[in-house]
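Structure file structure_18.txt; described as compact mmCIF, C-alpha atoms.
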# COMPACT_ATOMS: atom_id res chain seq x y z
CA MET A 1 -28.17 9.44 2.98
CA THR A 2 -26.85 10.79 6.24
CA LEU A 3 -28.59 9.91 9.44
CA GLY A 4 -28.59 12.10 12.52
CA PRO A 5 -27.46 10.57 15.80
CA GLU A 6 -31.03 10.00 17.05
CA GLN A 7 -32.13 8.27 13.88
CA MET A 8 -28.89 6.35 13.81
CA ALA A 9 -29.43 5.10 17.36
CA SER A 10 -32.93 3.92 16.59
CA GLU A 11 -31.80 2.50 13.28
CA PHE A 12 -29.06 0.36 14.67
CA ARG A 13 -29.83 0.15 18.41
CA LEU A 14 -26.84 1.08 20.40
CA ALA A 15 -25.32 -2.25 21.25
CA LYS A 16 -21.89 -3.73 21.53
CA VAL A 17 -20.64 -4.95 18.19
CA GLU A 18 -19.59 -8.55 18.32
CA ASP A 19 -16.84 -10.04 16.16
CA HIS A 20 -19.22 -12.21 14.21
CA GLN A 21 -21.23 -9.17 13.13
CA THR A 22 -18.85 -8.52 10.27
CA ILE A 23 -19.41 -8.47 6.55
CA LEU A 24 -16.87 -8.83 3.81
CA VAL A 25 -17.41 -6.72 0.71
CA GLN A 26 -15.41 -8.13 -2.16
CA ARG A 27 -15.66 -5.36 -4.70
CA THR A 28 -14.80 -1.75 -5.28
CA LEU A 29 -17.43 0.73 -4.17
CA ARG A 30 -17.89 3.32 -6.88
CA SER A 31 -19.32 6.81 -6.69
CA GLY A 32 -22.97 6.71 -5.62
CA GLN A 33 -22.78 3.26 -4.08
CA SER A 34 -23.18 2.86 -0.34
CA ILE A 35 -23.12 0.19 2.34
CA PHE A 36 -24.86 0.33 5.69
CA TYR A 37 -24.32 -2.42 8.20
CA ALA A 38 -24.98 -2.92 11.88
CA GLY A 39 -21.56 -4.33 12.65
CA ASN A 40 -18.07 -4.23 11.16
CA ILE A 41 -17.36 -3.83 7.47
CA ILE A 42 -14.30 -5.10 5.66
CA VAL A 43 -13.86 -4.04 2.04
CA LEU A 44 -11.59 -6.00 -0.25
CA GLY A 45 -11.31 -3.29 -2.87
CA ASP A 46 -11.35 0.47 -3.12
CA VAL A 47 -13.85 2.96 -1.82
CA ASN A 48 -13.93 5.62 -4.52
CA PRO A 49 -14.78 9.29 -4.00
CA GLY A 50 -18.55 9.68 -3.80
CA ALA A 51 -19.09 6.26 -2.20
CA GLU A 52 -20.26 5.90 1.39
CA ILE A 53 -19.69 3.32 4.10
CA VAL A 54 -21.61 3.38 7.36
CA ALA A 55 -21.04 0.78 10.09
CA THR A 56 -21.90 0.64 13.78
CA GLY A 57 -18.55 -1.01 14.36
CA ASP A 58 -15.16 -0.77 12.67
CA VAL A 59 -14.45 -0.18 9.01
CA ILE A 60 -11.43 -1.80 7.40
CA VAL A 61 -10.57 -1.12 3.79
CA ILE A 62 -8.01 -3.37 2.10
CA GLY A 63 -7.53 -0.85 -0.68
CA LYS A 64 -7.93 2.85 -1.21
CA MET A 65 -10.29 4.67 1.12
CA LYS A 66 -11.25 7.83 -0.76
CA GLY A 67 -14.96 8.15 -0.08
CA THR A 68 -16.97 9.03 3.00
CA VAL A 69 -16.71 6.67 5.93
CA HIS A 70 -18.64 6.53 9.18
CA ALA A 71 -17.54 4.03 11.80
CA GLY A 72 -19.28 3.61 15.12
CA ALA A 73 -22.50 4.99 13.71
CA GLY A 74 -25.02 5.20 16.51
CA GLY A 75 -22.50 6.36 19.05
CA ASN A 76 -19.83 3.69 19.41
CA GLU A 77 -16.81 5.81 20.36
CA GLY A 78 -14.54 2.79 20.42
CA ALA A 79 -14.87 2.25 16.67
CA MET A 80 -12.00 2.79 14.29
CA VAL A 81 -11.27 3.07 10.60
CA VAL A 82 -8.30 1.36 9.02
CA ALA A 83 -7.36 1.63 5.35
CA PHE A 84 -4.41 0.59 3.24
CA ARG A 85 -4.52 3.98 1.65
CA PHE A 86 -6.10 6.46 3.93
CA GLU A 87 -7.47 9.37 1.91
CA PRO A 88 -11.15 9.70 2.84
CA THR A 89 -13.18 12.68 1.65
CA GLN A 90 -14.81 12.80 5.06
CA LEU A 91 -14.35 10.71 8.14
CA ARG A 92 -16.89 10.17 10.88
CA ILE A 93 -16.53 8.16 14.05
CA ALA A 94 -19.57 7.96 16.33
CA GLY A 95 -20.71 11.60 16.60
CA HIS A 96 -17.46 13.18 15.45
CA VAL A 97 -16.98 14.49 11.97
CA ALA A 98 -13.51 15.13 10.66
CA ARG A 99 -12.14 16.21 7.37
CA PRO A 100 -8.69 14.71 7.05
CA ALA A 101 -6.31 17.52 6.32
CA GLU A 102 -3.62 16.89 3.78
CA GLU A 103 -0.74 17.29 6.18
CA THR A 104 -1.84 14.64 8.64
CA LEU A 105 -0.78 11.64 6.63
CA PRO A 106 1.31 11.30 3.52
CA PRO A 107 -1.10 10.16 0.80
CA GLY A 108 -0.79 6.57 -0.27
CA LYS A 109 0.07 5.30 3.21
CA PRO A 110 -1.94 2.99 5.45
CA GLY A 111 -3.79 4.85 8.15
CA LEU A 112 -5.86 4.32 11.24
CA ALA A 113 -8.42 6.69 12.74
CA ARG A 114 -10.01 6.42 16.15
CA ILE A 115 -11.15 8.59 19.02
CA VAL A 116 -8.58 9.46 21.66
CA ASP A 117 -9.58 11.76 24.52
CA GLY A 118 -12.69 12.85 22.68
CA ALA A 119 -11.00 13.81 19.44
CA VAL A 120 -10.57 12.02 16.16
CA VAL A 121 -6.96 10.98 15.86
CA ILE A 122 -5.34 9.72 12.72
CA GLU A 123 -2.15 7.69 12.75
CA ALA A 124 0.11 6.09 10.24
CA PHE A 125 -0.57 2.41 10.40
CA SER A 126 2.20 -0.02 9.76
CA LEU A 127 1.24 -3.45 8.54
CA THR A 128 3.65 -5.08 10.94
CA GLY A 129 1.55 -3.87 13.83
CA ASP A 130 3.62 -1.10 15.37
CA ARG A 131 2.58 2.46 14.74
CA LYS A 132 5.09 5.01 13.68
CA GLY A 133 5.33 8.58 14.77
CA PRO A 134 3.18 10.57 17.16
CA PRO A 135 -0.51 10.65 16.36
CA SER A 136 -1.83 13.93 15.04
CA VAL A 137 -5.16 15.31 16.11
CA LEU A 138 -7.58 16.16 13.38
CA GLN A 139 -9.59 19.27 13.30
CA THR A 140 -13.22 18.48 13.84
CA LEU A 141 -15.66 20.28 11.59
CA PRO A 142 -17.37 22.97 13.67
CA ASN A 143 -20.58 22.99 11.65
CA ALA A 144 -21.42 19.32 11.43
CA PRO A 145 -25.21 19.24 11.37
CA GLY A 146 -26.76 17.56 14.40
CA MET A 147 -23.46 16.19 15.55
CA GLU A 148 -22.27 18.14 18.54
CA SER A 149 -18.76 16.99 18.99
CA LYS A 150 -16.97 16.43 22.21
CA ALA A 151 -13.70 17.08 20.44
CA ARG A 152 -14.77 20.59 19.70
CA ARG A 153 -15.79 21.32 23.22
CA THR A 154 -12.57 20.06 24.73
CA GLY A 155 -10.71 21.83 21.97
CA ALA A 156 -8.32 19.80 19.93
CA LYS A 157 -6.09 22.81 19.45
CA ARG A 158 -5.63 23.53 23.12
CA ARG A 159 -3.97 20.23 23.73
CA ASN A 160 -1.49 21.18 21.08
CA ARG A 161 -0.51 17.79 19.74
CA GLY A 162 0.26 18.89 16.24
CA ALA A 163 -3.34 19.84 15.70
CA VAL A 164 -4.30 20.98 12.25
CA SER A 165 -5.96 24.32 12.46
CA ASP A 166 -8.00 25.68 9.65
CA LYS A 167 -8.27 29.42 9.99
CA ALA A 168 -10.62 29.74 7.06
CA ARG A 169 -13.39 28.08 9.01
CA MET B 1 -25.20 -11.63 -35.56
CA GLY B 2 -23.73 -8.29 -34.63
CA GLU B 3 -22.68 -6.67 -31.40
CA VAL B 4 -24.50 -3.88 -29.57
CA ILE B 5 -22.24 -1.32 -27.91
CA VAL B 6 -23.48 1.63 -25.87
CA ILE B 7 -21.36 4.78 -25.57
CA THR B 8 -22.05 6.54 -22.31
CA SER B 9 -20.45 8.91 -19.79
CA GLY B 10 -22.84 10.22 -17.16
CA LYS B 11 -21.60 13.77 -17.54
CA GLY B 12 -22.67 15.79 -20.54
CA GLY B 13 -20.34 17.43 -23.01
CA VAL B 14 -17.46 14.98 -22.77
CA GLY B 15 -17.81 13.84 -26.37
CA LYS B 16 -20.21 10.87 -26.46
CA THR B 17 -21.82 11.93 -29.71
CA THR B 18 -18.54 12.82 -31.40
CA ALA B 19 -17.09 9.50 -30.27
CA THR B 20 -20.15 7.60 -31.53
CA ALA B 21 -19.95 9.24 -34.95
CA ASN B 22 -16.21 8.73 -35.35
CA ILE B 23 -15.98 5.21 -33.95
CA GLY B 24 -18.94 4.21 -36.13
CA ALA B 25 -17.39 5.77 -39.20
CA GLY B 26 -14.06 4.19 -38.30
CA LEU B 27 -15.60 0.73 -38.19
CA ALA B 28 -17.41 1.40 -41.48
CA LEU B 29 -14.08 2.44 -43.03
CA ARG B 30 -12.75 -1.01 -42.16
CA GLY B 31 -15.58 -2.53 -44.18
CA TYR B 32 -18.10 -3.40 -41.48
CA LYS B 33 -21.83 -2.73 -41.50
CA VAL B 34 -22.54 -0.27 -38.71
CA ALA B 35 -25.78 1.16 -37.35
CA LEU B 36 -25.60 4.22 -35.13
CA VAL B 37 -28.58 4.71 -32.82
CA ASP B 38 -29.27 8.10 -31.27
CA ALA B 39 -30.93 7.33 -27.93
CA ASP B 40 -31.01 10.98 -26.87
CA ILE B 41 -34.71 11.48 -27.55
CA GLY B 42 -35.75 15.12 -27.39
CA LEU B 43 -32.17 16.39 -27.67
CA ARG B 44 -30.98 14.65 -30.77
CA ASN B 45 -27.52 15.58 -31.96
CA LEU B 46 -26.00 12.64 -33.74
CA ASP B 47 -27.81 13.44 -37.00
CA VAL B 48 -26.47 17.01 -36.89
CA VAL B 49 -22.92 15.88 -36.16
CA LEU B 50 -23.14 13.48 -39.10
CA GLY B 51 -24.77 16.09 -41.35
CA LEU B 52 -27.80 13.88 -41.94
CA GLU B 53 -30.42 16.06 -40.27
CA ASN B 54 -32.25 16.94 -43.47
CA ARG B 55 -32.80 13.32 -44.41
CA ILE B 56 -34.80 12.25 -41.36
CA VAL B 57 -38.31 11.01 -42.10
CA TYR B 58 -38.92 8.40 -39.41
CA ASP B 59 -37.10 8.00 -36.09
CA LEU B 60 -36.41 5.64 -33.20
CA VAL B 61 -39.77 6.36 -31.53
CA ASP B 62 -41.64 5.55 -34.76
CA VAL B 63 -39.79 2.24 -35.01
CA ALA B 64 -40.33 1.40 -31.33
CA HIS B 65 -44.07 2.01 -31.66
CA GLY B 66 -44.38 0.18 -34.95
CA HIS B 67 -45.32 3.27 -36.95
CA CYS B 68 -42.82 2.32 -39.59
CA ARG B 69 -40.46 -0.48 -40.50
CA LEU B 70 -36.88 -0.33 -39.26
CA LYS B 71 -35.58 -0.08 -42.83
CA GLN B 72 -37.62 3.05 -43.45
CA ALA B 73 -36.13 4.89 -40.49
CA LEU B 74 -32.50 3.99 -41.20
CA ILE B 75 -30.54 6.68 -43.00
CA LYS B 76 -27.64 5.56 -45.12
CA ASP B 77 -24.53 7.70 -44.88
CA LYS B 78 -23.32 8.17 -48.43
CA ARG B 79 -19.74 9.01 -47.42
CA PHE B 80 -19.12 5.72 -45.66
CA GLU B 81 -20.16 2.44 -47.22
CA GLY B 82 -22.07 0.48 -44.60
CA LEU B 83 -22.73 3.31 -42.12
CA HIS B 84 -26.37 3.86 -41.13
CA LEU B 85 -28.11 6.12 -38.63
CA LEU B 86 -31.28 5.50 -36.67
CA PRO B 87 -32.13 9.04 -35.50
CA ALA B 88 -33.88 10.05 -32.30
CA ALA B 89 -37.18 11.90 -32.20
CA GLN B 90 -36.92 15.57 -31.40
CA THR B 91 -40.53 16.33 -30.48
CA LYS B 92 -40.88 13.58 -27.84
CA ASP B 93 -39.07 12.90 -24.59
CA LYS B 94 -37.22 10.03 -22.92
CA THR B 95 -40.44 8.35 -21.74
CA ALA B 96 -41.54 7.83 -25.36
CA VAL B 97 -39.52 4.59 -25.48
CA LYS B 98 -39.47 1.76 -22.96
CA PRO B 99 -36.42 -0.40 -22.26
CA GLU B 100 -38.19 -3.46 -23.71
CA GLN B 101 -38.88 -1.61 -26.96
CA MET B 102 -35.25 -0.53 -27.12
CA LYS B 103 -34.16 -4.13 -26.62
CA GLU B 104 -36.40 -5.21 -29.48
CA VAL B 105 -35.00 -2.54 -31.83
CA CYS B 106 -31.43 -3.59 -30.91
CA LEU B 107 -32.27 -7.25 -31.60
CA GLN B 108 -33.57 -6.35 -35.05
CA LEU B 109 -30.54 -4.19 -35.83
CA LYS B 110 -28.14 -6.89 -34.65
CA GLU B 111 -29.38 -9.28 -37.30
CA GLU B 112 -28.60 -6.84 -40.05
CA PHE B 113 -25.44 -5.11 -38.86
CA ASP B 114 -22.00 -6.11 -37.59
CA TYR B 115 -21.94 -3.30 -35.02
CA VAL B 116 -24.81 -1.40 -33.45
CA ILE B 117 -23.52 1.65 -31.59
CA ILE B 118 -25.86 3.50 -29.27
CA ASP B 119 -25.27 7.15 -28.38
CA CYS B 120 -26.48 7.42 -24.78
CA PRO B 121 -27.90 10.67 -23.39
CA ALA B 122 -26.17 12.38 -20.45
CA GLY B 123 -27.48 11.56 -17.01
CA ILE B 124 -28.43 8.33 -15.30
CA GLU B 125 -32.20 8.50 -15.55
CA GLN B 126 -34.73 6.96 -17.94
CA GLY B 127 -32.80 7.88 -21.08
CA PHE B 128 -29.70 6.13 -19.77
CA LYS B 129 -31.70 3.07 -18.76
CA ASN B 130 -33.27 2.90 -22.23
CA ALA B 131 -29.93 3.29 -23.97
CA ILE B 132 -28.22 0.48 -22.06
CA ALA B 133 -31.22 -1.88 -22.15
CA GLY B 134 -30.28 -3.56 -25.41
CA ALA B 135 -26.50 -3.24 -25.12
CA GLU B 136 -24.05 -6.10 -24.67
CA LYS B 137 -20.93 -4.00 -24.25
CA ALA B 138 -20.27 -0.50 -23.03
CA ILE B 139 -17.74 2.21 -23.75
CA VAL B 140 -17.42 4.94 -21.13
CA VAL B 141 -16.14 8.30 -22.33
CA THR B 142 -14.51 10.71 -19.92
CA THR B 143 -12.35 13.81 -20.04
CA PRO B 144 -9.38 14.41 -17.74
CA GLU B 145 -11.48 16.38 -15.23
CA VAL B 146 -12.40 15.28 -11.72
CA SER B 147 -16.10 15.87 -12.32
CA ALA B 148 -16.19 13.79 -15.51
CA VAL B 149 -14.15 11.01 -13.90
CA ARG B 150 -16.45 10.98 -10.87
CA ASP B 151 -19.50 10.65 -13.12
CA ALA B 152 -17.78 7.96 -15.16
CA ASP B 153 -17.16 6.05 -11.93
CA ARG B 154 -20.85 6.33 -11.03
CA VAL B 155 -21.87 5.15 -14.49
CA ILE B 156 -19.48 2.19 -14.40
CA GLY B 157 -21.10 1.16 -11.12
CA LEU B 158 -24.55 1.38 -12.71
CA LEU B 159 -23.40 -0.53 -15.79
CA GLU B 160 -22.02 -3.30 -13.60
CA ALA B 161 -25.30 -3.42 -11.71
CA ALA B 162 -27.05 -3.82 -15.08
CA GLU B 163 -24.81 -6.80 -15.92
CA LEU B 164 -22.76 -4.81 -18.44
CA ARG B 165 -19.44 -6.01 -17.11
CA GLU B 166 -16.00 -4.72 -17.97
CA PRO B 167 -16.81 -1.50 -19.78
CA LYS B 168 -13.99 0.02 -21.82
CA LEU B 169 -12.71 3.51 -21.25
CA VAL B 170 -12.09 6.31 -23.75
CA ILE B 171 -10.30 9.40 -22.45
CA ASN B 172 -11.22 12.36 -24.59
CA ARG B 173 -9.73 15.84 -25.00
CA LEU B 174 -6.41 15.10 -23.34
CA ARG B 175 -3.84 17.87 -23.59
CA PRO B 176 -0.38 16.28 -23.38
CA LYS B 177 1.29 19.62 -22.70
CA MET B 178 -0.92 20.35 -19.69
CA VAL B 179 -0.42 16.81 -18.39
CA ARG B 180 3.33 17.26 -18.70
CA GLN B 181 3.14 20.47 -16.69
CA GLY B 182 1.07 18.72 -14.04
CA ASP B 183 -1.99 20.87 -14.72
CA MET B 184 -4.18 18.06 -15.98
CA MET B 185 -5.00 14.57 -14.73
CA ASN B 186 -2.88 12.04 -16.54
CA ILE B 187 -3.98 8.70 -17.97
CA GLU B 188 -2.61 6.74 -15.02
CA ASP B 189 -4.55 8.87 -12.51
CA ILE B 190 -7.81 8.20 -14.33
CA ILE B 191 -7.20 4.48 -14.75
CA GLU B 192 -6.26 4.20 -11.08
CA ILE B 193 -9.62 5.56 -9.99
CA LEU B 194 -11.81 3.83 -12.55
CA ALA B 195 -9.95 0.50 -12.71
CA VAL B 196 -11.20 -0.43 -16.19
CA ASP B 197 -9.47 -1.28 -19.46
CA LEU B 198 -8.40 1.64 -21.62
CA LEU B 199 -9.74 1.56 -25.17
CA GLY B 200 -8.12 4.76 -26.35
CA VAL B 201 -7.02 8.30 -25.68
CA ILE B 202 -8.07 11.16 -27.94
CA PRO B 203 -5.95 14.30 -27.82
CA GLU B 204 -7.61 17.70 -27.80
CA ASP B 205 -7.90 18.73 -31.43
CA GLU B 206 -9.44 21.80 -33.04
CA GLN B 207 -10.11 19.71 -36.10
CA ILE B 208 -12.92 17.98 -34.17
CA ILE B 209 -14.76 21.29 -33.81
CA VAL B 210 -14.20 22.11 -37.47
CA THR B 211 -15.47 18.77 -38.76
CA THR B 212 -18.35 18.50 -36.28
CA ASN B 213 -19.65 21.94 -37.23
CA ARG B 214 -19.51 20.90 -40.87
CA GLY B 215 -21.48 17.73 -40.17
CA ASP B 216 -18.45 15.62 -40.93
CA THR B 217 -16.23 13.15 -39.09
CA VAL B 218 -12.52 13.41 -38.36
CA VAL B 219 -11.72 9.71 -38.52
CA GLN B 220 -11.02 9.66 -42.27
CA ASP B 221 -8.56 12.57 -41.98
CA GLN B 222 -5.13 10.96 -42.25
CA ARG B 223 -3.30 14.04 -40.98
CA SER B 224 -5.39 14.60 -37.88
CA ARG B 225 -4.17 13.26 -34.52
CA SER B 226 -7.67 12.77 -33.19
CA GLY B 227 -8.62 11.00 -36.41
CA GLU B 228 -5.72 8.61 -35.87
CA ALA B 229 -6.86 8.05 -32.29
CA PHE B 230 -10.37 7.18 -33.44
CA ARG B 231 -9.03 4.84 -36.13
CA ASN B 232 -6.97 3.10 -33.46
CA ILE B 233 -10.06 2.71 -31.26
CA ALA B 234 -11.99 1.16 -34.15
CA ARG B 235 -9.15 -1.30 -34.73
CA ARG B 236 -9.03 -2.22 -31.03
CA ILE B 237 -12.79 -2.88 -31.09
CA LEU B 238 -12.11 -5.26 -33.98
CA GLY B 239 -9.64 -7.07 -31.78
CA GLU B 240 -6.36 -5.81 -33.25
CA PRO B 241 -3.66 -5.08 -30.71
CA VAL B 242 -2.80 -1.44 -31.39
CA PRO B 243 -0.39 0.32 -29.04
CA LEU B 244 -1.36 3.72 -27.65
CA MET B 245 -0.11 6.40 -29.97
CA ASP B 246 2.61 8.72 -28.78
CA LEU B 247 0.67 11.77 -27.64
CA GLU B 248 3.85 13.76 -27.22
CA ARG B 249 4.64 13.44 -30.89
CA ASP B 250 4.39 16.70 -32.70
CA GLY B 251 2.20 16.71 -35.75
CA ASN B 252 4.63 18.98 -37.53
CA LEU B 253 6.61 17.10 -40.16
CA PHE B 254 9.71 19.20 -39.64
CA THR B 255 9.99 18.53 -35.88
CA ARG B 256 9.28 14.87 -36.51
CA LEU B 257 12.13 14.75 -39.02
CA ARG B 258 14.41 16.43 -36.53
CA LYS B 259 13.51 13.81 -33.97
CA ILE B 260 14.19 11.01 -36.40
CA ILE B 261 17.66 12.29 -37.22
CA GLY B 262 18.32 12.87 -33.54
CA LEU B 263 18.14 16.63 -33.24
CA GLY B 264 14.87 16.90 -31.42
Go ahead and render the structure in this file as structure tokens.
Amino acid sequence: MTLGPEQMASEFRLAKVEDHQTILVQRTLRSGQSIFYAGNIIVLGDVNPGAEIVATGDVIVIGKMKGTVHAGAGGNEGAMVVAFRFEPTQLRIAGHVARPAEETLPPGKPGLARIVDGAVVIEAFSLTGDRKGPPSVLQTLPNAPGMESKARRTGAKRRNRGAVSDKAR
Amino acid sequence: MGEVIVITSGKGGVGKTTATANIGAGLALRGYKVALVDADIGLRNLDVVLGLENRIVYDLVDVAHGHCRLKQALIKDKRFEGLHLLPAAQTKDKTAVKPEQMKEVCLQLKEEFDYVIIDCPAGIEQGFKNAIAGAEKAIVVTTPEVSAVRDADRVIGLLEAAELREPKLVINRLRPKMVRQGDMMNIEDIIEILAVDLLGVIPEDEQIIVTTNRGDTVVQDQRSRSGEAFRNIARRILGEPVPLMDLERDGNLFTRLRKIIGLG
């Protein structure tokens, strides 16, 4: 199930996510399984392809993130996604939809995604806390249904920060 | 008291029925009493694969509805001492049996047989729910394809939700040569995604097609690689520690000899 921004806002009520609004999921999410939560979600396990996580706050996966993830659902642009292995099928933060391109991160590495200057940015995430290398800007899907993206309007490519362009689209 | 094992996959065409027939026959070869149950009502295949189609009088639906006694519906396979088949109905559909009725049939079979093996239909709807209703253990069959692995993952999730914990995995139709060339998912890739115990790997083998079309099994064929793989699976079900066979090994006696004397 994918909710549009309006439904999402009414579903979760746009509010600041507090620290205590966090759930811990201690299992692997398999294909077809999904979790929706008004708050932050931490998964102690993998998120397999075909699984879906939707949170109004942050999503942290202590394992492989290979499914679809939506952080900041409802419009929280400050939300982020962190995973020990960052290989999501599709990544959404607030109203932005991104399809992580293969070149952005070496597979099998921890990663962090957030919104910087209106575009989804994905960075290598080192467990010691410091982030290595310049962040690369992800291409935002132009045809995301009902999710007009600020990143697209400002143009991720124009800012030329190692943006991944996809000429086929 | 026997054990009820369901063989399932989610995706169709990965070899559930072939696996059911051969694992069942493999267990019967080791001297156990085995009942195979075809839960694919309306699309029955297990009887055809076993070459027992012409002996069906009563079926699973008749037993579930009390139209006949269980004994009357069971077909004895004359080739394997102890192997029996409870066929599915062909003229009904999946709604003809309820999960409770399936449970009852499994309970009855368990008293009589050492192993009750259920051939689950493809999909995750009513037929799947019926097939797993009476099962205590599950074997998930997949092929080294992303679509089959994805469906297997979905099914494992559903099995866990139905309290069928720790299903075992069978990887079917693996082609070692393609894996070596990097053109096919390897065993490690599949295990990494599914995170379940591996019960066995069956190499792609033309002999399966030959035997299946004849209404025969491959498990008794001492020369066949897939037969060996199925025999190994049967032994692992019985609790014997059997190492995975060397899939790279060539079946050809000459090349094997060369390897042994160090020329290969």
What residues have an atom no more than 12 Å from (-36.2, -1.3, -41.9) in the file's own frame, counting all atoms listed in the file, and can you write them as a ChimeraX atom specification?
-> /B:35,58-60,62-64,66-76,84-86,105,108-109,111-113
Determine the axis-aligned bounding box of all atoms of segment 72-83 of chain A present in the file, pad each side by 6 Å, and express its centre and edge lengths in Å to one decimal place as lines of an AutoDock Vina configuration file.
center_x = -16.2
center_y = 3.9
center_z = 12.9
size_x = 29.7
size_y = 17.0
size_z = 27.1
Residues within 6 Å of segment 43-59 of chain A, all atoms listed in the file, excluding chain neighbours under 2 positions, as a count of residues only = 35
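Nearest residue to Val179 of chain B, choosing from B:Pro144, B:Ala88, B:Lys94, B:Met1 and counting only C-alpha atoms: B:Pro144.
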Skip segment 241-250 of chain B itself and residues of its chain fewer than 4 positions away, then list as a PyMOL selection string all residues within 10 Å of it, counting all atoms listed in the file.
-> chain B and resi 174-177+180+198-203+225+228-229+232-237+254-256+259
If you count all atoms listed in the file, which residues fall within 7 Å of Gly134 of chain B, apart from same-chain ones fewer than 4 positions away, as a PyMOL selection string?
-> chain B and resi 102-103+106
